[in-house]
file query_38.cif (mmCIF, C-alpha atoms)
data_my_file
#
loop_
_atom_site.label_atom_id
_atom_site.label_comp_id
_atom_site.auth_asym_id
_atom_site.auth_seq_id
_atom_site.Cartn_x
_atom_site.Cartn_y
_atom_site.Cartn_z
CA MET A 460 -13.61 -17.00 -33.24
CA ASN A 461 -16.32 -15.42 -31.18
CA ASN A 462 -16.60 -11.72 -30.82
CA PRO A 463 -15.23 -11.09 -27.35
CA PHE A 464 -17.55 -8.14 -26.87
CA ALA A 465 -20.68 -10.16 -27.63
CA GLY A 466 -23.17 -10.26 -24.83
CA ILE A 467 -21.61 -7.45 -22.85
CA GLY A 468 -24.12 -4.77 -22.11
CA PHE A 469 -23.89 -1.68 -19.98
CA ALA A 470 -24.94 -3.23 -16.70
CA PRO A 471 -21.82 -3.87 -14.61
CA SER A 472 -20.98 -7.51 -15.01
CA LEU A 473 -17.88 -9.35 -13.89
CA VAL A 474 -15.96 -8.20 -16.96
CA HIS A 475 -16.75 -4.53 -16.32
CA TRP A 476 -15.53 -4.74 -12.77
CA LEU A 477 -12.36 -6.57 -13.77
CA LEU A 478 -11.60 -4.09 -16.55
CA PHE A 479 -11.91 -1.30 -14.02
CA THR A 480 -9.44 -2.92 -11.62
CA ALA A 481 -7.07 -3.62 -14.52
CA ALA A 482 -7.20 0.07 -15.45
CA ILE A 483 -6.38 1.12 -11.89
CA PHE A 484 -3.53 -1.40 -11.82
CA ALA A 485 -2.17 -0.06 -15.12
CA ILE A 486 -2.26 3.50 -13.77
CA GLY A 487 -0.37 2.36 -10.70
CA LEU A 488 2.19 0.64 -12.91
CA TYR A 489 2.69 3.86 -14.83
CA GLY A 490 3.19 5.67 -11.54
CA ILE A 491 5.83 3.21 -10.36
CA LEU A 492 7.77 3.57 -13.58
CA THR A 493 7.63 7.36 -13.82
CA ARG A 494 7.72 8.73 -10.26
CA ARG A 495 10.89 10.40 -9.05
CA SER A 496 10.05 10.61 -5.36
CA ALA A 497 10.14 7.41 -3.34
CA VAL A 498 6.94 8.36 -1.53
CA GLY A 499 5.24 8.74 -4.92
CA VAL A 500 6.41 5.27 -5.92
CA LEU A 501 4.98 3.89 -2.70
CA MET A 502 1.64 5.58 -3.33
CA ALA A 503 1.54 3.96 -6.77
CA VAL A 504 2.23 0.60 -5.10
CA GLU A 505 -0.74 1.28 -2.84
CA LEU A 506 -2.88 1.69 -5.96
CA LEU A 507 -1.74 -1.73 -7.19
CA LEU A 508 -2.48 -3.40 -3.87
CA ASN A 509 -5.89 -1.75 -3.65
CA SER A 510 -6.89 -2.84 -7.13
CA SER A 511 -5.81 -6.43 -6.52
CA ALA A 512 -7.76 -6.59 -3.27
CA LEU A 513 -10.77 -5.25 -5.12
CA SER A 514 -10.31 -8.01 -7.72
CA PHE A 515 -10.42 -10.66 -5.00
CA VAL A 516 -13.68 -9.26 -3.66
CA ILE A 517 -15.15 -9.03 -7.16
CA PHE A 518 -14.40 -12.68 -7.90
CA ASN A 519 -15.81 -13.60 -4.52
CA ARG A 520 -19.04 -11.72 -5.25
CA PHE A 521 -19.60 -13.04 -8.74
CA CYS A 522 -18.22 -16.58 -8.57
CA SER A 523 -19.05 -17.81 -5.07
CA PRO A 524 -21.26 -15.34 -3.23
CA ALA A 525 -21.99 -17.81 -0.45
CA MET A 526 -18.35 -17.85 0.70
CA VAL A 527 -16.08 -15.13 2.04
CA ASP A 528 -12.69 -16.51 0.94
CA GLY A 529 -12.02 -13.56 -1.36
CA GLN A 530 -12.84 -11.08 1.37
CA VAL A 531 -10.45 -12.84 3.74
CA MET A 532 -7.72 -12.56 1.11
CA ALA A 533 -8.52 -8.85 0.75
CA ILE A 534 -8.09 -8.42 4.51
CA PHE A 535 -4.70 -10.12 4.31
CA ILE A 536 -3.71 -7.82 1.44
CA ILE A 537 -4.70 -4.77 3.48
CA ALA A 538 -2.66 -6.01 6.46
CA VAL A 539 0.40 -6.66 4.29
CA ALA A 540 0.00 -3.22 2.72
CA ALA A 541 0.01 -1.67 6.19
CA ALA A 542 3.19 -3.53 7.13
CA GLU A 543 4.81 -2.54 3.85
CA VAL A 544 3.96 1.12 4.36
CA ILE A 545 5.40 1.10 7.88
CA VAL A 546 8.74 -0.33 6.76
CA GLY A 547 8.88 1.74 3.59
CA MET A 548 8.21 4.99 5.37
CA ALA A 549 10.81 4.21 8.05
CA VAL A 550 13.35 3.56 5.31
CA PHE A 551 12.45 6.83 3.59
CA VAL A 552 12.83 8.83 6.79
CA ALA A 553 16.21 7.22 7.48
CA LEU A 554 17.30 7.86 3.88
CA TYR A 555 16.24 11.48 4.13
CA ARG A 556 18.24 11.89 7.33
CA ALA A 557 21.28 10.36 5.66
CA GLY A 558 21.18 12.12 2.33
CA ARG A 559 18.53 14.87 2.37
CA SER A 560 16.89 13.37 -0.68
CA ILE A 561 14.49 10.57 -1.44
CA ASP A 562 14.76 10.85 -5.21
CA VAL A 563 14.82 7.27 -6.42
CA SER A 564 16.98 8.12 -9.42
CA ARG A 565 19.74 9.31 -7.07
CA LEU A 566 19.55 6.43 -4.61
CA ASP A 567 22.34 4.33 -6.05
CA HIS A 568 24.70 4.15 -3.10
CA LEU A 569 24.84 0.38 -3.34
CA LYS A 570 26.08 0.51 -6.91
CA ASN A 571 29.81 0.04 -7.14
CA ASP A 572 30.85 2.66 -9.65
CA GLU A 573 34.62 2.38 -9.56
CA VAL A 574 35.53 -1.24 -10.16
CA LYS A 575 38.86 -1.87 -8.56
CA PRO A 576 41.21 -4.27 -10.32
CA MET B 573 -35.35 -2.81 -12.35
CA SER B 574 -34.83 0.68 -10.96
CA SER B 575 -32.33 -0.59 -8.42
CA GLY B 576 -30.38 -2.14 -11.28
CA VAL B 577 -30.30 1.19 -13.09
CA VAL B 578 -29.15 2.96 -9.93
CA GLU B 579 -26.41 0.37 -9.44
CA THR B 580 -25.26 0.75 -13.03
CA VAL B 581 -25.11 4.54 -12.85
CA LEU B 582 -23.36 4.38 -9.48
CA PHE B 583 -20.79 1.94 -10.83
CA TYR B 584 -19.87 4.13 -13.78
CA VAL B 585 -19.76 7.33 -11.73
CA ILE B 586 -17.56 5.84 -9.00
CA ALA B 587 -15.35 4.10 -11.56
CA ALA B 588 -14.81 7.30 -13.53
CA MET B 589 -14.02 9.27 -10.38
CA SER B 590 -11.63 6.56 -9.21
CA LEU B 591 -9.78 6.58 -12.52
CA ILE B 592 -9.47 10.37 -12.49
CA PHE B 593 -8.18 10.41 -8.91
CA ALA B 594 -5.79 7.56 -9.64
CA LEU B 595 -4.39 9.55 -12.57
CA ILE B 596 -3.97 12.56 -10.29
CA THR B 597 -2.20 10.32 -7.77
CA VAL B 598 0.46 9.24 -10.23
CA THR B 599 0.89 12.52 -12.10
CA ALA B 600 0.50 15.33 -9.57
CA ARG B 601 3.75 17.19 -9.01
CA ARG B 602 2.90 18.14 -5.45
CA LEU B 603 3.13 15.03 -3.31
CA LEU B 604 0.56 16.24 -0.79
CA ARG B 605 -2.00 16.67 -3.55
CA SER B 606 -1.13 13.20 -4.75
CA ALA B 607 -1.72 11.79 -1.26
CA VAL B 608 -5.14 13.45 -1.06
CA ALA B 609 -6.07 11.97 -4.45
CA LEU B 610 -4.93 8.56 -3.20
CA MET B 611 -7.19 8.99 -0.20
CA PHE B 612 -10.13 9.66 -2.50
CA VAL B 613 -9.34 6.54 -4.55
CA LEU B 614 -9.32 4.46 -1.38
CA VAL B 615 -12.60 5.94 -0.11
CA LEU B 616 -14.24 5.24 -3.47
CA SER B 617 -12.93 1.68 -3.24
CA ALA B 618 -14.69 1.41 0.12
CA GLY B 619 -17.86 2.42 -1.72
CA PHE B 620 -17.19 -0.37 -4.21
CA TYR B 621 -16.86 -2.82 -1.35
CA VAL B 622 -20.30 -1.78 -0.13
CA MET B 623 -21.67 -2.32 -3.64
CA LEU B 624 -20.09 -5.78 -3.64
CA ALA B 625 -21.83 -6.69 -0.34
CA ALA B 626 -18.58 -6.63 1.66
CA GLU B 627 -19.55 -4.10 4.30
CA PHE B 628 -17.03 -5.30 6.85
CA LEU B 629 -14.25 -4.89 4.31
CA ALA B 630 -15.44 -1.37 3.56
CA GLY B 631 -15.07 -0.53 7.23
CA VAL B 632 -11.61 -2.08 7.35
CA GLN B 633 -10.65 -0.17 4.23
CA VAL B 634 -11.63 3.16 5.72
CA LEU B 635 -10.03 2.40 9.09
CA VAL B 636 -6.74 0.97 7.90
CA TYR B 637 -6.14 2.61 4.55
CA VAL B 638 -7.68 6.04 4.97
CA GLY B 639 -7.18 6.36 8.69
CA GLY B 640 -3.77 4.75 8.89
CA ILE B 641 -1.82 4.43 5.69
CA VAL B 642 -2.69 7.78 4.14
CA VAL B 643 -1.97 9.53 7.43
CA VAL B 644 1.44 7.85 7.61
CA ILE B 645 2.14 8.87 4.03
CA VAL B 646 1.21 12.48 4.78
CA PHE B 647 3.45 12.42 7.87
CA VAL B 648 6.38 11.18 5.85
CA ILE B 649 5.80 13.78 3.14
CA MET B 650 6.06 16.40 5.86
CA LEU B 651 9.03 14.75 7.62
CA THR B 652 10.99 14.63 4.38
CA SER B 653 9.99 18.25 3.69
CA SER B 654 8.51 17.41 0.33
CA VAL B 655 5.47 19.59 0.98
CA ASP B 656 6.62 22.64 -0.93
CA LEU B 657 8.80 20.64 -3.24
CA LEU B 658 7.62 20.34 -6.81
CA GLU B 659 8.64 16.98 -8.11
CA GLU B 660 10.71 17.08 -11.24
CA ARG B 661 8.83 16.07 -14.32
CA PRO B 662 9.80 12.63 -15.55
CA ALA B 663 11.79 12.53 -18.75
CA LEU B 664 9.86 12.00 -21.95
CA GLY B 665 11.45 8.63 -22.63
CA ARG B 666 10.56 7.45 -19.16
CA LYS B 667 6.98 8.63 -19.65
CA VAL B 668 6.69 6.84 -22.98
CA LEU B 669 8.19 3.63 -21.62
CA GLY B 670 5.97 3.72 -18.54
CA GLY B 671 2.91 4.42 -20.62
CA LEU B 672 3.75 1.61 -23.01
CA ALA B 673 4.25 -0.84 -20.14
CA ALA B 674 0.98 0.20 -18.50
CA LEU B 675 -0.90 0.06 -21.79
CA GLY B 676 0.58 -3.33 -22.63
CA PHE B 677 -0.43 -4.65 -19.25
CA PHE B 678 -3.95 -3.29 -19.59
CA ILE B 679 -4.45 -4.68 -23.10
CA SER B 680 -3.13 -8.14 -22.28
CA THR B 681 -5.19 -8.34 -19.07
CA ALA B 682 -8.30 -7.06 -20.83
CA LEU B 683 -7.87 -9.70 -23.54
CA VAL B 684 -7.70 -12.39 -20.88
CA PHE B 685 -10.82 -11.04 -19.20
CA LEU B 686 -12.76 -10.70 -22.45
CA THR B 687 -11.89 -14.08 -23.93
CA ASN B 688 -12.26 -16.16 -20.79
CA VAL B 689 -15.57 -17.40 -19.51
CA PHE B 690 -15.52 -17.23 -15.75
CA PRO B 691 -17.75 -19.64 -13.81
CA THR B 692 -20.07 -17.01 -12.45
CA ALA B 693 -22.74 -18.15 -10.05
CA THR B 694 -26.13 -18.04 -11.70
CA GLY B 695 -28.49 -15.58 -10.14
CA ARG B 696 -27.79 -13.44 -7.15
CA ALA B 697 -27.57 -15.85 -4.28
CA GLN B 698 -28.44 -14.58 -0.85
CA THR B 699 -25.35 -13.00 0.57
CA VAL B 700 -23.91 -14.07 3.86
CA ASP B 701 -23.44 -11.85 6.87
CA SER B 702 -19.95 -10.83 5.88
CA ALA B 703 -18.56 -9.76 9.27
CA ARG B 704 -19.70 -12.92 11.01
CA ALA B 705 -18.55 -15.19 8.19
CA ILE B 706 -15.13 -13.50 7.99
CA GLY B 707 -14.70 -13.82 11.74
CA THR B 708 -15.42 -17.52 11.74
CA ALA B 709 -13.24 -18.08 8.67
CA LEU B 710 -10.29 -16.24 10.21
CA LEU B 711 -10.35 -18.23 13.44
CA ASP B 712 -11.39 -21.58 11.99
CA TYR B 713 -8.65 -24.22 12.20
CA GLY B 714 -10.46 -26.68 9.98
CA PRO B 715 -9.58 -27.37 6.35
CA ARG B 716 -11.34 -24.19 5.17
CA GLY B 717 -10.04 -22.01 7.96
CA TYR B 718 -7.44 -19.28 7.91
CA VAL B 719 -6.09 -19.34 11.43
CA VAL B 720 -2.47 -20.00 10.42
CA PRO B 721 -2.23 -17.12 7.91
CA PHE B 722 -4.01 -14.98 10.47
CA GLU B 723 -1.34 -15.67 13.08
CA ILE B 724 1.43 -15.21 10.52
CA ILE B 725 -0.02 -11.83 9.57
CA SER B 726 0.02 -10.80 13.22
CA LEU B 727 3.69 -11.79 13.45
CA LEU B 728 4.41 -9.90 10.23
CA LEU B 729 2.78 -6.76 11.58
CA LEU B 730 4.78 -7.02 14.80
CA ALA B 731 8.01 -7.51 12.88
CA ALA B 732 7.21 -4.55 10.63
CA LEU B 733 6.46 -2.40 13.67
CA VAL B 734 9.74 -3.27 15.40
CA GLY B 735 11.67 -2.93 12.16
CA GLY B 736 10.12 0.43 11.41
CA ILE B 737 11.03 1.79 14.82
CA ALA B 738 14.56 0.38 14.59
CA VAL B 739 15.16 1.86 11.15
CA ALA B 740 13.62 5.26 11.69
CA ARG B 741 14.81 6.05 15.21
CA LYS B 742 17.37 8.73 15.66
CA SER B 743 20.84 7.34 15.12
CA PRO B 744 23.27 7.66 18.07
CA PRO B 745 25.99 10.31 18.08
CA PRO B 746 29.31 9.19 16.60
CA GLY B 747 31.46 7.15 18.91
CA GLN B 748 28.59 5.57 20.75
CA PRO B 749 27.49 2.04 20.02
CA LEU B 750 24.32 1.59 18.01
CA THR B 751 22.35 0.20 20.92
CA SER B 752 23.06 3.14 23.13
CA GLY B 753 20.93 6.08 22.13
CA GLY B 754 21.48 7.64 25.49
CA ASP B 755 17.80 7.53 26.27
CA LEU B 756 17.70 4.44 28.44
CA PRO B 757 17.90 5.00 32.20
CA GLY B 758 20.76 2.51 32.59
CA GLU B 759 22.75 4.27 29.89
CA VAL B 760 22.23 7.73 31.31
CA ALA B 761 23.65 6.62 34.65
CA PHE B 762 26.65 5.00 33.02
CA ILE B 763 29.94 6.49 34.33
CA PRO B 764 33.25 5.25 33.02
CA PRO B 765 35.29 3.47 35.71
CA ARG B 766 38.00 5.50 37.32
CA ARG B 767 41.55 4.48 36.60
CA GLN B 768 44.15 4.00 39.30
CA ASN B 769 46.31 7.04 38.55
CA ASP B 770 43.45 9.47 38.58
CA PRO B 771 43.32 11.79 41.54
CA PRO B 772 40.48 11.07 43.91
CA GLU B 773 37.42 13.09 43.17
CA GLY B 774 37.30 16.45 44.92
CA GLY B 775 40.21 15.51 47.16
CA LYS B 776 43.29 17.64 47.71
CA ASN B 777 46.75 16.27 47.43
CA HIS B 778 47.74 15.68 51.00
CA GLU B 779 51.37 15.31 52.00
#

call {"tool": "encode", "arguments": {"input": "query_38.cif", "output": "structure tokens"}}
result
Amino acid sequence: MNNPFAGIGFAPSLVHWLLFTAAIFAIGLYGILTRRSAVGVLMAVELLLNSSALSFVIFNRFCSPAMVDGQVMAIFIIAVAAAEVIVGMAVFVALYRAGRSIDVSRLDHLKNDEVKP
Amino acid sequence: MSSGVVETVLFYVIAAMSLIFALITVTARRLLRSAVALMFVLVLSAGFYVMLAAEFLAGVQVLVYVGGIVVVIVFVIMLTSSVDLLEERPALGRKVLGGLAALGFFISTALVFLTNVFPTATGRAQTVDSARAIGTALLDYGPRGYVVPFEIISLLLLAALVGGIAVARKSPPPGQPLTSGGDLPGEVAFIPPRRQNDPPEGGKNHE
């Protein structure tokens, strides 16, 4: 089996860029799993979306620089992220009005605790 | 060769700063600080877009993400009065599990990246004028065009806008129907119909 690190220097190649976006995505994943505040979770989701859009542009640059398909996908990701933030923030404001808290570990109103026979 | 060195140094500096700010974003206990760190991550990503010859996308990133999304996030942090609130630290088990999941994701993805050979284009081809090419691609209805997703995105944004307003608007006082917030002109002028037994308004009982 070949050494996977063979031929990788210091100059930023495709693999360097992709490892960077993977690291940002992993940090965002950690944020989603550990945040208590719903706004914090949403900010971590923004990190994920940003890193994936960056990945699209990186592949576009290194694999087919004459086309802009990856950049178009990145624009779509940014638009969807904007829509997601609008709806998420509206839900958070409504939740805060209803319960004075946006702690995701306490938002279990939909869970049926007492099971009636 | 000097431009290559500059690009390399710039890449590592921006990447390191982005990673640090991303870590601050997910670990800061003050949410406002976290939002500012997120803004820095997004601005640095705009710099990366410039390095990747996607200048138009860098402009969109700054306009939409930094100018729109981060501002909305800051507004909501203030509306939910989380400004002075210190977020509770996550439990140790949650931290360990989250860290393990993130690390597992990073290792598996890195293995895929390191063991695959991607079909990179040989040599740096001349780059296209990104704004013009994106514009034609978005409105092209040919086989390589994106006009249908473009229209669907516009519908999605409209639906999100209407949904956001509907969810976040002030709920009506109890007893009133959901559609009547009391702020429409027709609803303000609404007077319940007088019943038959009611005395006439302002009139005296005449014999």

call {"tool": "resolve_selection", "arguments": {"input": "query_38.cif", "expression": "the PyMOL selection byres ((chain A and resi 559-572) around 9)", "output": "PyMOL selection string"}}
result
(chain A and resi 494-498+500+551-552+554-558+573-574) or (chain B and resi 652)

call {"tool": "closest_residue", "arguments": {"input": "query_38.cif", "among": "B:Leu657, B:Val577, B:Leu664, B:Val598", "to": "chain A", "atoms": "only C-alpha atoms"}}
result
B:Val598

call {"tool": "closest_residue", "arguments": {"input": "query_38.cif", "among": "A:Leu507, A:Ala542, A:Ala525, A:Met548", "to": "Ile486 of chain A", "atoms": "all atoms listed in the file"}}
result
A:Leu507

call {"tool": "closest_residue", "arguments": {"input": "query_38.cif", "among": "A:Val546, A:Ala553, A:Leu513, A:Cys522", "to": "Ile483 of chain A", "atoms": "only C-alpha atoms"}}
result
A:Leu513

call {"tool": "closest_residue", "arguments": {"input": "query_38.cif", "among": "A:Val550, A:Pro471, A:Val544, A:Phe535", "to": "Tyr718 of chain B", "atoms": "all atoms listed in the file"}}
result
A:Phe535

call {"tool": "closest_residue", "arguments": {"input": "query_38.cif", "among": "B:Ala674, B:Val613, B:Leu635, B:Met623", "to": "chain A", "atoms": "all atoms listed in the file"}}
result
B:Ala674

call {"tool": "closest_residue", "arguments": {"input": "query_38.cif", "among": "B:Ala703, B:Leu658, B:Val719, B:Leu729", "to": "chain A", "atoms": "all atoms listed in the file"}}
result
B:Leu729

call {"tool": "residues_around", "arguments": {"input": "query_38.cif", "residues": "Arg666 of chain B", "least_positions_apart": "6", "cutoff": "10 Å", "atoms": "only C-alpha atoms", "output": "list in words"}}
result
Tyr489, Leu492, Thr493 and Arg494 of chain A; Leu672 of chain B

call {"tool": "resolve_selection", "arguments": {"input": "query_38.cif", "expression": "the PyMOL selection byres ((chain A and resi 529) around 6)", "output": "VMD selection string"}}
result
chain A and resid 515 to 516 519 527 to 528 530 to 532

call {"tool": "write_last_selection", "arguments": {"input": "query_38.cif", "atoms": "C-alpha atoms", "output": "mmCIF file, in the coordinates of the input"}}
result
data_model
loop_
_atom_site.group_PDB
_atom_site.id
_atom_site.type_symbol
_atom_site.label_atom_id
_atom_site.label_comp_id
_atom_site.auth_asym_id
_atom_site.auth_seq_id
_atom_site.Cartn_x
_atom_site.Cartn_y
_atom_site.Cartn_z
ATOM 1 C CA PHE A 515 -10.420 -10.660 -5.000
ATOM 2 C CA VAL A 516 -13.680 -9.260 -3.660
ATOM 3 C CA ASN A 519 -15.810 -13.600 -4.520
ATOM 4 C CA VAL A 527 -16.080 -15.130 2.040
ATOM 5 C CA ASP A 528 -12.690 -16.510 0.940
ATOM 6 C CA GLN A 530 -12.840 -11.080 1.370
ATOM 7 C CA VAL A 531 -10.450 -12.840 3.740
ATOM 8 C CA MET A 532 -7.720 -12.560 1.110
#

call {"tool": "atom_distance", "arguments": {"input": "query_38.cif", "atom1": "atom CA of Tyr584 of chain B", "atom2": "atom CA of Ala538 of chain A"}}
result
28.4 Å

call {"tool": "atom_distance", "arguments": {"input": "query_38.cif", "atom1": "atom CA of Leu616 of chain B", "atom2": "atom CA of Phe583 of chain B"}}
result
10.4 Å

call {"tool": "decode", "arguments": {"input": "query_38.cif", "residues": "segment 461-508 of chain A", "atoms": "C-alpha atoms", "output": "PDB file, in the first residue's frame"}}
result
ATOM      1  CA  ASN A 461       1.275   3.417  -0.884  1.00  0.00           C
ATOM      2  CA  ASN A 462       2.151   5.917   1.739  1.00  0.00           C
ATOM      3  CA  PRO A 463      -0.791   8.296   1.685  1.00  0.00           C
ATOM      4  CA  PHE A 464       1.423  11.209   2.637  1.00  0.00           C
ATOM      5  CA  ALA A 465       3.821  10.661  -0.266  1.00  0.00           C
ATOM      6  CA  GLY A 466       4.087  13.564  -2.617  1.00  0.00           C
ATOM      7  CA  ILE A 467       2.384  16.040  -0.329  1.00  0.00           C
ATOM      8  CA  GLY A 468       4.535  19.062   0.219  1.00  0.00           C
ATOM      9  CA  PHE A 469       3.841  22.300   1.992  1.00  0.00           C
ATOM     10  CA  ALA A 470       2.370  24.186  -0.934  1.00  0.00           C
ATOM     11  CA  PRO A 471      -1.425  24.173  -0.597  1.00  0.00           C
ATOM     12  CA  SER A 472      -2.703  21.467  -2.873  1.00  0.00           C
ATOM     13  CA  LEU A 473      -6.199  20.072  -3.141  1.00  0.00           C
ATOM     14  CA  VAL A 474      -5.623  17.791  -0.154  1.00  0.00           C
ATOM     15  CA  HIS A 475      -4.508  20.664   2.080  1.00  0.00           C
ATOM     16  CA  TRP A 476      -7.584  22.671   1.264  1.00  0.00           C
ATOM     17  CA  LEU A 477      -9.898  19.703   1.806  1.00  0.00           C
ATOM     18  CA  LEU A 478      -8.269  18.826   5.128  1.00  0.00           C
ATOM     19  CA  PHE A 479      -8.854  22.390   6.246  1.00  0.00           C
ATOM     20  CA  THR A 480     -12.549  22.282   5.380  1.00  0.00           C
ATOM     21  CA  ALA A 481     -12.857  18.888   7.075  1.00  0.00           C
ATOM     22  CA  ALA A 482     -11.348  20.385  10.230  1.00  0.00           C
ATOM     23  CA  ILE A 483     -13.816  23.272  10.193  1.00  0.00           C
ATOM     24  CA  PHE A 484     -16.657  20.807   9.644  1.00  0.00           C
ATOM     25  CA  ALA A 485     -15.462  18.679  12.573  1.00  0.00           C
ATOM     26  CA  ILE A 486     -15.342  21.742  14.822  1.00  0.00           C
ATOM     27  CA  GLY A 487     -18.875  22.619  13.795  1.00  0.00           C
ATOM     28  CA  LEU A 488     -19.980  19.058  14.547  1.00  0.00           C
ATOM     29  CA  TYR A 489     -18.476  19.337  18.007  1.00  0.00           C
ATOM     30  CA  GLY A 490     -20.367  22.589  18.495  1.00  0.00           C
ATOM     31  CA  ILE A 491     -23.686  21.041  17.488  1.00  0.00           C
ATOM     32  CA  LEU A 492     -23.221  18.180  19.915  1.00  0.00           C
ATOM     33  CA  THR A 493     -22.080  20.249  22.900  1.00  0.00           C
ATOM     34  CA  ARG A 494     -23.906  23.590  22.733  1.00  0.00           C
ATOM     35  CA  ARG A 495     -26.675  24.249  25.229  1.00  0.00           C
ATOM     36  CA  SER A 496     -28.135  27.368  23.639  1.00  0.00           C
ATOM     37  CA  ALA A 497     -30.144  26.963  20.459  1.00  0.00           C
ATOM     38  CA  VAL A 498     -28.488  30.016  18.917  1.00  0.00           C
ATOM     39  CA  GLY A 499     -25.098  28.406  19.567  1.00  0.00           C
ATOM     40  CA  VAL A 500     -26.244  25.241  17.803  1.00  0.00           C
ATOM     41  CA  LEU A 501     -27.349  27.323  14.844  1.00  0.00           C
ATOM     42  CA  MET A 502     -23.989  29.075  14.690  1.00  0.00           C
ATOM     43  CA  ALA A 503     -22.282  25.684  14.602  1.00  0.00           C
ATOM     44  CA  VAL A 504     -24.586  24.701  11.729  1.00  0.00           C
ATOM     45  CA  GLU A 505     -23.443  27.845   9.938  1.00  0.00           C
ATOM     46  CA  LEU A 506     -19.867  26.609  10.289  1.00  0.00           C
ATOM     47  CA  LEU A 507     -20.837  23.321   8.637  1.00  0.00           C
ATOM     48  CA  LEU A 508     -22.597  25.051   5.756  1.00  0.00           C
TER      49      LEU A 508
END
